[in-house]
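K.L.:
So here's entry-v3.txt (compact mmCIF, C-alpha atoms).
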# COMPACT_ATOMS: atom_id res chain seq x y z
CA MET J 868 40.47 -45.39 -2.66
CA ASN J 869 37.63 -44.74 -5.10
CA LYS J 870 37.89 -46.30 -8.55
CA PRO J 871 36.66 -44.46 -11.63
CA ALA J 872 33.11 -45.37 -12.64
CA ALA J 873 34.13 -46.19 -16.21
CA VAL J 874 37.70 -47.24 -16.89
CA PRO J 875 39.04 -45.08 -19.74
CA ASP J 876 41.20 -46.56 -22.49
CA HIS J 877 44.17 -44.41 -21.48
CA PRO J 878 46.40 -44.06 -18.40
CA VAL J 879 44.95 -42.56 -15.22
CA PRO J 880 46.55 -41.22 -12.02
CA ARG J 881 47.84 -44.11 -9.89
CA ASP J 882 46.77 -42.67 -6.55
CA LEU J 883 46.19 -39.41 -4.67
CA ARG J 884 49.92 -38.87 -4.29
CA ASP J 885 50.43 -39.13 -8.06
CA LEU J 886 47.64 -36.60 -8.57
CA PHE J 887 49.07 -34.22 -5.94
CA PHE J 888 52.64 -34.27 -7.26
CA SER J 889 51.56 -34.05 -10.90
CA PHE J 890 49.57 -30.90 -10.22
CA THR J 891 52.33 -29.50 -8.04
CA LEU J 892 54.77 -29.87 -10.93
CA LEU J 893 52.22 -28.34 -13.29
CA ALA J 894 51.78 -25.38 -10.99
CA LEU J 895 55.52 -24.80 -10.73
CA GLN J 896 55.88 -24.79 -14.53
CA GLY J 897 53.03 -22.47 -15.38
CA PHE J 898 53.59 -18.75 -15.08
CA GLY J 899 50.96 -16.97 -17.15
CA GLY J 900 50.31 -19.40 -20.00
CA VAL J 901 49.41 -22.64 -18.26
CA MET J 902 47.17 -24.07 -20.97
CA VAL J 903 50.21 -25.01 -23.04
CA ILE J 904 51.91 -26.74 -20.14
CA VAL J 905 48.75 -28.50 -18.98
CA TYR J 906 48.14 -29.82 -22.49
CA ARG J 907 51.70 -31.07 -22.85
CA GLU J 908 51.77 -32.75 -19.44
CA LEU J 909 48.26 -34.23 -19.17
CA VAL J 910 47.64 -35.14 -22.82
CA GLU J 911 51.03 -35.68 -24.46
CA LYS J 912 53.21 -36.95 -21.59
CA LYS J 913 50.92 -38.61 -19.03
CA GLY J 914 48.07 -39.48 -21.40
CA TRP J 915 45.46 -38.89 -18.68
CA LEU J 916 43.28 -37.03 -21.20
CA THR J 917 42.68 -37.38 -24.91
CA ASP J 918 42.63 -34.27 -27.11
CA ASP J 919 38.84 -34.23 -27.06
CA GLU J 920 38.65 -34.75 -23.28
CA PHE J 921 41.15 -31.92 -22.76
CA LEU J 922 39.16 -29.60 -25.00
CA GLU J 923 35.89 -30.42 -23.24
CA ASP J 924 37.33 -30.19 -19.72
CA TRP J 925 39.24 -26.97 -20.50
CA SER J 926 36.04 -25.44 -21.94
CA VAL J 927 34.10 -26.29 -18.79
CA ALA J 928 36.98 -24.99 -16.64
CA GLN J 929 36.86 -21.66 -18.51
CA LEU J 930 33.13 -21.29 -17.95
CA LEU J 931 33.36 -21.80 -14.19
CA PRO J 932 34.32 -18.87 -11.98
CA GLY J 933 37.94 -18.80 -10.87
CA ALA J 934 41.24 -19.75 -12.42
CA ASN J 935 40.94 -22.18 -15.35
CA ILE J 936 43.75 -24.43 -14.17
CA ILE J 937 42.31 -24.68 -10.65
CA ASN J 938 38.93 -25.62 -12.10
CA LEU J 939 40.59 -28.22 -14.34
CA ALA J 940 42.49 -29.69 -11.38
CA LEU J 941 39.22 -30.02 -9.47
CA ILE J 942 37.49 -31.65 -12.46
CA ILE J 943 40.25 -34.21 -13.02
CA GLY J 944 40.79 -34.95 -9.33
CA ASN J 945 37.06 -35.45 -8.79
CA ARG J 946 36.75 -37.65 -11.88
CA TYR J 947 39.32 -40.17 -10.67
CA PHE J 948 39.12 -40.03 -6.86
CA GLY J 949 36.03 -38.05 -5.91
CA LEU J 950 36.24 -35.30 -3.30
CA ARG J 951 39.60 -36.55 -1.99
CA GLY J 952 41.04 -36.37 -5.50
CA ALA J 953 39.69 -32.87 -6.04
CA LEU J 954 41.26 -31.72 -2.76
CA ALA J 955 44.59 -33.44 -3.56
CA ALA J 956 44.76 -31.81 -7.00
CA LEU J 957 43.75 -28.42 -5.57
CA THR J 958 46.36 -28.64 -2.81
CA GLY J 959 48.99 -29.62 -5.36
CA MET J 960 48.08 -26.61 -7.48
CA MET J 961 48.17 -24.15 -4.58
CA MET J 962 50.88 -25.09 -2.07
CA ALA J 963 54.19 -24.64 -3.91
CA PRO J 964 53.05 -21.64 -5.99
CA LEU J 965 51.97 -19.86 -2.83
CA VAL J 966 55.50 -20.13 -1.46
CA VAL J 967 56.99 -19.07 -4.81
CA VAL J 968 54.68 -16.06 -5.14
CA ILE J 969 55.49 -14.84 -1.65
CA ALA J 970 59.23 -15.16 -2.35
CA LEU J 971 58.93 -13.45 -5.75
CA THR J 972 56.91 -10.62 -4.23
CA LEU J 973 59.65 -9.94 -1.73
CA ILE J 974 62.29 -10.00 -4.48
CA TYR J 975 60.24 -7.90 -6.92
CA THR J 976 59.59 -5.13 -4.41
CA ARG J 977 63.33 -4.72 -4.11
CA TYR J 978 64.35 -4.94 -7.80
CA ALA J 979 61.23 -3.79 -9.75
CA ASP J 980 62.87 -0.66 -11.17
CA TYR J 981 65.87 -2.40 -12.73
CA PRO J 982 65.80 -2.38 -16.57
CA GLY J 983 66.83 -6.04 -16.74
CA VAL J 984 63.81 -7.09 -14.68
CA ILE J 985 61.47 -5.01 -16.86
CA GLY J 986 62.97 -6.48 -20.06
CA ALA J 987 62.74 -10.03 -18.73
CA LEU J 988 59.04 -9.62 -17.96
CA HIS J 989 58.35 -8.28 -21.46
CA GLY J 990 60.26 -11.20 -22.98
CA MET J 991 58.30 -13.73 -20.93
CA GLY J 992 55.06 -12.22 -22.22
CA ALA J 993 56.14 -12.77 -25.83
CA VAL J 994 57.11 -16.39 -25.15
CA VAL J 995 53.77 -17.12 -23.47
CA ALA J 996 51.87 -15.65 -26.45
CA GLY J 997 53.81 -17.91 -28.82
CA LEU J 998 53.19 -21.01 -26.71
CA ILE J 999 49.46 -20.32 -26.54
CA GLY J 1000 49.35 -19.83 -30.33
CA ALA J 1001 51.20 -23.12 -30.91
CA THR J 1002 48.82 -25.03 -28.63
CA GLY J 1003 45.85 -23.46 -30.41
CA LEU J 1004 47.21 -24.70 -33.73
CA ARG J 1005 47.62 -28.23 -32.31
CA LEU J 1006 44.02 -28.24 -31.11
CA LEU J 1007 42.70 -27.26 -34.56
CA LYS J 1008 42.53 -30.97 -35.44
CA SER J 1009 39.69 -31.26 -32.91
CA LEU J 1010 37.55 -29.26 -35.35
CA ARG J 1011 37.11 -32.49 -37.31
CA ALA J 1012 34.80 -33.78 -34.57
CA SER J 1013 32.77 -30.55 -34.40
CA PRO J 1014 29.19 -30.81 -35.60
CA LEU J 1015 29.55 -27.34 -37.17
CA PRO J 1016 31.05 -27.00 -40.65
CA LYS J 1017 34.74 -26.07 -40.68
CA PRO J 1018 34.22 -22.76 -42.53
CA LEU J 1019 31.76 -21.66 -39.82
CA CYS J 1020 34.20 -22.66 -37.05
CA ILE J 1021 36.96 -20.68 -38.76
CA ALA J 1022 34.63 -17.68 -39.17
CA ILE J 1023 33.83 -17.78 -35.44
CA LEU J 1024 37.55 -18.02 -34.67
CA ILE J 1025 38.30 -14.99 -36.87
CA CYS J 1026 35.44 -13.01 -35.30
CA CYS J 1027 36.78 -13.81 -31.82
CA PHE J 1028 40.26 -12.68 -32.82
CA LEU J 1029 38.91 -9.45 -34.32
CA MET J 1030 36.75 -8.71 -31.27
CA ILE J 1031 39.55 -9.23 -28.76
CA ALA J 1032 42.77 -8.30 -30.58
CA ILE J 1033 41.62 -5.58 -32.96
CA MET J 1034 38.50 -4.04 -31.42
CA ARG J 1035 39.78 -4.58 -27.87
CA TRP J 1036 36.46 -5.87 -26.54
CA PRO J 1037 36.59 -7.51 -23.10
CA LEU J 1038 37.06 -11.28 -23.28
CA GLY J 1039 33.78 -11.83 -21.44
CA TYR J 1040 31.74 -10.11 -24.16
CA ALA J 1041 33.42 -12.08 -26.92
CA LEU J 1042 32.99 -15.39 -25.10
CA LEU J 1043 29.41 -14.68 -24.12
CA GLY J 1044 28.35 -13.50 -27.58
CA LEU J 1045 30.24 -15.98 -29.74
CA GLY J 1046 29.87 -18.79 -27.21
CA LEU J 1047 26.11 -18.37 -27.11
CA ILE J 1048 25.90 -18.26 -30.91
CA SER J 1049 28.14 -21.35 -31.19
CA CYS J 1050 26.10 -23.29 -28.62
CA VAL J 1051 22.79 -22.46 -30.33
CA LEU J 1052 24.14 -23.38 -33.78
CA THR J 1053 25.66 -26.63 -32.46
CA TYR J 1054 22.44 -27.55 -30.65
CA ARG J 1055 20.39 -26.95 -33.79
CA ARG J 1056 22.83 -28.97 -35.87
CA ILE J 1057 22.75 -31.91 -33.45
CA GLN J 1058 18.94 -31.85 -33.22
CA ALA J 1059 18.50 -31.83 -37.02
Any chance you could put this one into structure tokens?

P.N.:
Amino acid sequence: MNKPAAVPDHPVPRDLRDLFFSFTLLALQGFGGVMVIVYRELVEKKGWLTDDEFLEDWSVAQLLPGANIINLALIIGNRYFGLRGALAALTGMMMAPLVVVIALTLIYTRYADYPGVIGALHGMGAVVAGLIGATGLRLLKSLRASPLPKPLCIAILICCFLMIAIMRWPLGYALLGLGLISCVLTYRRIQA
């Protein structure tokens, strides 16, 4: 079993089994809005990540191709147990949801036209939006550590909201444009 290179000052996964089952439980909880669940489980409950580590790892996971949560599982698994940890976390994220998705697909094809099913799906969408908003508000305290001034961070946040929610720009354009601007401004600020 590989040990982490630098021992963090917070709890870490005990072994590969702990990593596998933790990500399996995460995968079974997250339908649509997994960021909220991942934050609650890995930062608040298990303490495997600090707020800043979560923000950094989640940002990297979003930049990589593929599903954010899969990328995060690979990052965390690799950090603590190398390739074996990455594979354990990935397997934990994929195995149970695969079975659930196949079962739900079979059920949905039979009952998709029922008004109760349609209403339930709309209700779940509203709940997920609220959970994501609440997690975003919790992560606002991380702005204190940002090298950029708070008013500029808030202006970038408002621009992102306007681009995506109001102007209906694709997320990729907003992230590429604002992300590039933010990175350049942060780099200049750090170099000064």

K.L.:
Can you work out which one of J:Leu1006, J:Ala934, J:Leu941, J:Val966 has the shortest atom-to-atom distance to J:Val910, counting only C-alpha atoms?

P.N.:
J:Leu1006

K.L.:
Give the answer as one residue: which of J:Thr917, J:Asn938, J:Gln896, J:Thr958 has the shortest atom-to-atom distance to J:Val879, using only C-alpha atoms?

P.N.:
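Closest residue, counting only C-alpha atoms: J:Thr917.
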
K.L.:
Check the smallest atom-to-atom distance from each of J:Ile937, J:Ile1025, J:Ile942, J:Leu886 to J:Phe921 using all atoms listed in the file, then report the winner.

P.N.:
J:Ile942

K.L.:
How many Å lie between atom CA of J:Trp1036 and atom CA of J:Asp918, rounded to one decimal?

P.N.:
29.1 Å

K.L.:
Put the listed atoms of stretch 929-933 of chain J in a box along x, y and z with 4 Å added on every side and give me the centre and edge lengths in Å to one decimal, as AutoDock Vina command-line options.

P.N.:
--center_x 35.5 --center_y -20.3 --center_z -14.7 --size_x 12.8 --size_y 11.0 --size_z 15.6

K.L.:
Under the rule that all atoms listed in the file are counted, which of J:Gly933, J:Gly1039, J:Leu922, J:Ile985 is the nearest residue to J:Ala1012?

P.N.:
J:Leu922

K.L.:
Can you work out the spacing between atom CA of J:Tyr1054 and atom CA of J:Pro1016 in Å, to one decimal?

P.N.:
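We find that atom CA of J:Tyr1054 and atom CA of J:Pro1016 lie 13.2 Å from each other.
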
K.L.:
Set out as JSON lines a contact list for stretch 904-1019 of chain J and stretch 1042-1050 of chain J with a cut-off of 10 Å, giving each residue of stretch 904-1019 of chain J that qualifies its closest atom pair and distance in Å to one decimal, counting only C-alpha atoms, ordered by chain and rising residue number.

P.N.:
{"residue": "J:Gln929", "atom": "CA", "partner": "J:Leu1042", "partner_atom": "CA", "distance": 9.9}
{"residue": "J:Leu930", "atom": "CA", "partner": "J:Leu1042", "partner_atom": "CA", "distance": 9.3}
{"residue": "J:Leu1015", "atom": "CA", "partner": "J:Ser1049", "partner_atom": "CA", "distance": 8.6}
{"residue": "J:Leu1019", "atom": "CA", "partner": "J:Ser1049", "partner_atom": "CA", "distance": 9.4}

K.L.:
Would you compute the distance between atom CA of J:Phe888 and atom CA of J:Glu911? Give it in Å to one decimal.

P.N.:
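These atoms are spaced 17.3 Å apart.
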
K.L.:
For a cutoff of 8 Å around the file-coordinate point (42.7, -27.1, -21.1), which residues qualify once you count all atoms listed in the file? I'd like the result as a ChimeraX atom specification.

P.N.:
/J:902,905-906,921-926,928,935-936,939

K.L.:
Of the candidates J:Phe890, J:Phe1028, J:Tyr1040, J:Trp915, which shows the shortest atom-to-atom distance to J:Ala955, using only C-alpha atoms?

P.N.:
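Of J:Phe890, J:Phe1028, J:Tyr1040, J:Trp915, the one nearest J:Ala955 is J:Phe890, counting only C-alpha atoms.
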
K.L.:
For J:Leu965, find every residue with an atom within 10 Å (counting all atoms listed in the file), except residues of its own chain fewer than 5 positions away, and show them as a PyMOL selection string.

P.N.:
chain J and resi 894-895+960+970-971

K.L.:
Kindly indicate which residue among J:Lys1008, J:Val984, J:Pro1037, J:Gly959 lies nearest to J:Arg884, using all atoms listed in the file for the distances.

P.N.:
J:Gly959

K.L.:
Dump stretch 930-945 of chain J with all heavy atoms to a file, as a PDB file, in the first residue's frame.

P.N.:
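Once everything was written out, this is out15.pdb:
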ATOM      1  N   LEU J 930     -11.934  21.172 -15.606  1.00  0.00           N
ATOM      2  CA  LEU J 930     -11.156  21.490 -16.803  1.00  0.00           C
ATOM      3  C   LEU J 930     -10.824  20.245 -17.624  1.00  0.00           C
ATOM      4  O   LEU J 930     -10.640  20.345 -18.829  1.00  0.00           O
ATOM      5  CB  LEU J 930      -9.860  22.202 -16.414  1.00  0.00           C
ATOM      6  CG  LEU J 930     -10.032  23.606 -15.851  1.00  0.00           C
ATOM      7  CD1 LEU J 930      -8.698  24.145 -15.357  1.00  0.00           C
ATOM      8  CD2 LEU J 930     -10.641  24.535 -16.875  1.00  0.00           C
ATOM      9  N   LEU J 931     -10.732  19.111 -16.974  1.00  0.00           N
ATOM     10  CA  LEU J 931     -10.394  17.876 -17.678  1.00  0.00           C
ATOM     11  C   LEU J 931     -11.605  17.363 -18.457  1.00  0.00           C
ATOM     12  O   LEU J 931     -12.745  17.583 -18.055  1.00  0.00           O
ATOM     13  CB  LEU J 931      -9.944  16.814 -16.670  1.00  0.00           C
ATOM     14  CG  LEU J 931      -8.672  17.135 -15.898  1.00  0.00           C
ATOM     15  CD1 LEU J 931      -8.453  16.101 -14.798  1.00  0.00           C
ATOM     16  CD2 LEU J 931      -7.478  17.186 -16.828  1.00  0.00           C
ATOM     17  N   PRO J 932     -11.364  16.682 -19.561  1.00  0.00           N
ATOM     18  CA  PRO J 932     -12.511  16.116 -20.289  1.00  0.00           C
ATOM     19  C   PRO J 932     -13.170  15.000 -19.487  1.00  0.00           C
ATOM     20  O   PRO J 932     -12.511  14.289 -18.743  1.00  0.00           O
ATOM     21  CB  PRO J 932     -11.879  15.570 -21.579  1.00  0.00           C
ATOM     22  CG  PRO J 932     -10.419  15.484 -21.315  1.00  0.00           C
ATOM     23  CD  PRO J 932     -10.097  16.421 -20.203  1.00  0.00           C
ATOM     24  N   GLY J 933     -14.475  14.886 -19.617  1.00  0.00           N
ATOM     25  CA  GLY J 933     -15.218  13.841 -18.919  1.00  0.00           C
ATOM     26  C   GLY J 933     -16.034  14.412 -17.780  1.00  0.00           C
ATOM     27  O   GLY J 933     -16.098  15.622 -17.564  1.00  0.00           O
ATOM     28  N   ALA J 934     -16.646  13.512 -17.045  1.00  0.00           N
ATOM     29  CA  ALA J 934     -17.505  13.903 -15.924  1.00  0.00           C
ATOM     30  C   ALA J 934     -16.652  14.425 -14.769  1.00  0.00           C
ATOM     31  O   ALA J 934     -15.646  13.814 -14.401  1.00  0.00           O
ATOM     32  CB  ALA J 934     -18.338  12.716 -15.475  1.00  0.00           C
ATOM     33  N   ASN J 935     -17.078  15.545 -14.183  1.00  0.00           N
ATOM     34  CA  ASN J 935     -16.317  16.183 -13.104  1.00  0.00           C
ATOM     35  C   ASN J 935     -16.085  15.242 -11.932  1.00  0.00           C
ATOM     36  O   ASN J 935     -14.988  15.180 -11.380  1.00  0.00           O
ATOM     37  CB  ASN J 935     -17.051  17.429 -12.603  1.00  0.00           C
ATOM     38  CG  ASN J 935     -17.238  18.457 -13.682  1.00  0.00           C
ATOM     39  OD1 ASN J 935     -16.536  18.461 -14.683  1.00  0.00           O
ATOM     40  ND2 ASN J 935     -18.196  19.336 -13.490  1.00  0.00           N
ATOM     41  N   ILE J 936     -17.111  14.515 -11.533  1.00  0.00           N
ATOM     42  CA  ILE J 936     -16.991  13.655 -10.365  1.00  0.00           C
ATOM     43  C   ILE J 936     -16.044  12.485 -10.628  1.00  0.00           C
ATOM     44  O   ILE J 936     -15.300  12.062  -9.739  1.00  0.00           O
ATOM     45  CB  ILE J 936     -18.378  13.169  -9.866  1.00  0.00           C
ATOM     46  CG1 ILE J 936     -18.238  12.355  -8.574  1.00  0.00           C
ATOM     47  CG2 ILE J 936     -19.096  12.380 -10.916  1.00  0.00           C
ATOM     48  CD1 ILE J 936     -17.645  13.115  -7.423  1.00  0.00           C
ATOM     49  N   ILE J 937     -16.056  11.973 -11.854  1.00  0.00           N
ATOM     50  CA  ILE J 937     -15.120  10.896 -12.207  1.00  0.00           C
ATOM     51  C   ILE J 937     -13.694  11.424 -12.139  1.00  0.00           C
ATOM     52  O   ILE J 937     -12.797  10.775 -11.594  1.00  0.00           O
ATOM     53  CB  ILE J 937     -15.429  10.346 -13.618  1.00  0.00           C
ATOM     54  CG1 ILE J 937     -16.820   9.719 -13.669  1.00  0.00           C
ATOM     55  CG2 ILE J 937     -14.362   9.364 -14.068  1.00  0.00           C
ATOM     56  CD1 ILE J 937     -16.998   8.506 -12.803  1.00  0.00           C
ATOM     57  N   ASN J 938     -13.479  12.615 -12.695  1.00  0.00           N
ATOM     58  CA  ASN J 938     -12.147  13.221 -12.650  1.00  0.00           C
ATOM     59  C   ASN J 938     -11.704  13.448 -11.205  1.00  0.00           C
ATOM     60  O   ASN J 938     -10.553  13.203 -10.857  1.00  0.00           O
ATOM     61  CB  ASN J 938     -12.138  14.542 -13.418  1.00  0.00           C
ATOM     62  CG  ASN J 938     -12.368  14.338 -14.894  1.00  0.00           C
ATOM     63  OD1 ASN J 938     -12.121  13.271 -15.436  1.00  0.00           O
ATOM     64  ND2 ASN J 938     -12.861  15.364 -15.552  1.00  0.00           N
ATOM     65  N   LEU J 939     -12.617  13.920 -10.361  1.00  0.00           N
ATOM     66  CA  LEU J 939     -12.285  14.150  -8.955  1.00  0.00           C
ATOM     67  C   LEU J 939     -11.935  12.831  -8.255  1.00  0.00           C
ATOM     68  O   LEU J 939     -10.998  12.772  -7.465  1.00  0.00           O
ATOM     69  CB  LEU J 939     -13.428  14.852  -8.229  1.00  0.00           C
ATOM     70  CG  LEU J 939     -13.141  15.243  -6.785  1.00  0.00           C
ATOM     71  CD1 LEU J 939     -12.067  16.333  -6.725  1.00  0.00           C
ATOM     72  CD2 LEU J 939     -14.407  15.721  -6.102  1.00  0.00           C
ATOM     73  N   ALA J 940     -12.693  11.785  -8.539  1.00  0.00           N
ATOM     74  CA  ALA J 940     -12.399  10.479  -7.946  1.00  0.00           C
ATOM     75  C   ALA J 940     -11.002  10.012  -8.346  1.00  0.00           C
ATOM     76  O   ALA J 940     -10.242   9.508  -7.496  1.00  0.00           O
ATOM     77  CB  ALA J 940     -13.444   9.449  -8.385  1.00  0.00           C
ATOM     78  N   LEU J 941     -10.647  10.207  -9.601  1.00  0.00           N
ATOM     79  CA  LEU J 941      -9.313   9.816 -10.055  1.00  0.00           C
ATOM     80  C   LEU J 941      -8.227  10.644  -9.371  1.00  0.00           C
ATOM     81  O   LEU J 941      -7.194  10.108  -8.962  1.00  0.00           O
ATOM     82  CB  LEU J 941      -9.217   9.974 -11.583  1.00  0.00           C
ATOM     83  CG  LEU J 941     -10.032   8.979 -12.401  1.00  0.00           C
ATOM     84  CD1 LEU J 941     -10.082   9.401 -13.861  1.00  0.00           C
ATOM     85  CD2 LEU J 941      -9.462   7.574 -12.257  1.00  0.00           C
ATOM     86  N   ILE J 942      -8.470  11.941  -9.215  1.00  0.00           N
ATOM     87  CA  ILE J 942      -7.492  12.821  -8.563  1.00  0.00           C
ATOM     88  C   ILE J 942      -7.272  12.386  -7.112  1.00  0.00           C
ATOM     89  O   ILE J 942      -6.131  12.240  -6.662  1.00  0.00           O
ATOM     90  CB  ILE J 942      -7.971  14.292  -8.622  1.00  0.00           C
ATOM     91  CG1 ILE J 942      -7.902  14.820 -10.056  1.00  0.00           C
ATOM     92  CG2 ILE J 942      -7.146  15.174  -7.686  1.00  0.00           C
ATOM     93  CD1 ILE J 942      -8.621  16.151 -10.268  1.00  0.00           C
ATOM     94  N   ILE J 943      -8.355  12.181  -6.384  1.00  0.00           N
ATOM     95  CA  ILE J 943      -8.235  11.829  -4.966  1.00  0.00           C
ATOM     96  C   ILE J 943      -7.648  10.431  -4.795  1.00  0.00           C
ATOM     97  O   ILE J 943      -6.765  10.212  -3.960  1.00  0.00           O
ATOM     98  CB  ILE J 943      -9.598  11.956  -4.267  1.00  0.00           C
ATOM     99  CG1 ILE J 943     -10.005  13.431  -4.222  1.00  0.00           C
ATOM    100  CG2 ILE J 943      -9.557  11.374  -2.864  1.00  0.00           C
ATOM    101  CD1 ILE J 943     -11.409  13.684  -3.737  1.00  0.00           C
ATOM    102  N   GLY J 944      -8.132   9.476  -5.577  1.00  0.00           N
ATOM    103  CA  GLY J 944      -7.590   8.121  -5.485  1.00  0.00           C
ATOM    104  C   GLY J 944      -6.106   8.084  -5.780  1.00  0.00           C
ATOM    105  O   GLY J 944      -5.326   7.433  -5.064  1.00  0.00           O
ATOM    106  N   ASN J 945      -5.692   8.802  -6.820  1.00  0.00           N
ATOM    107  CA  ASN J 945      -4.277   8.841  -7.188  1.00  0.00           C
ATOM    108  C   ASN J 945      -3.446   9.531  -6.108  1.00  0.00           C
ATOM    109  O   ASN J 945      -2.335   9.106  -5.812  1.00  0.00           O
ATOM    110  CB  ASN J 945      -4.101   9.557  -8.525  1.00  0.00           C
ATOM    111  CG  ASN J 945      -2.660   9.556  -8.980  1.00  0.00           C
ATOM    112  OD1 ASN J 945      -2.056   8.521  -9.172  1.00  0.00           O
ATOM    113  ND2 ASN J 945      -2.094  10.747  -9.136  1.00  0.00           N
TER     114      ASN J 945
END
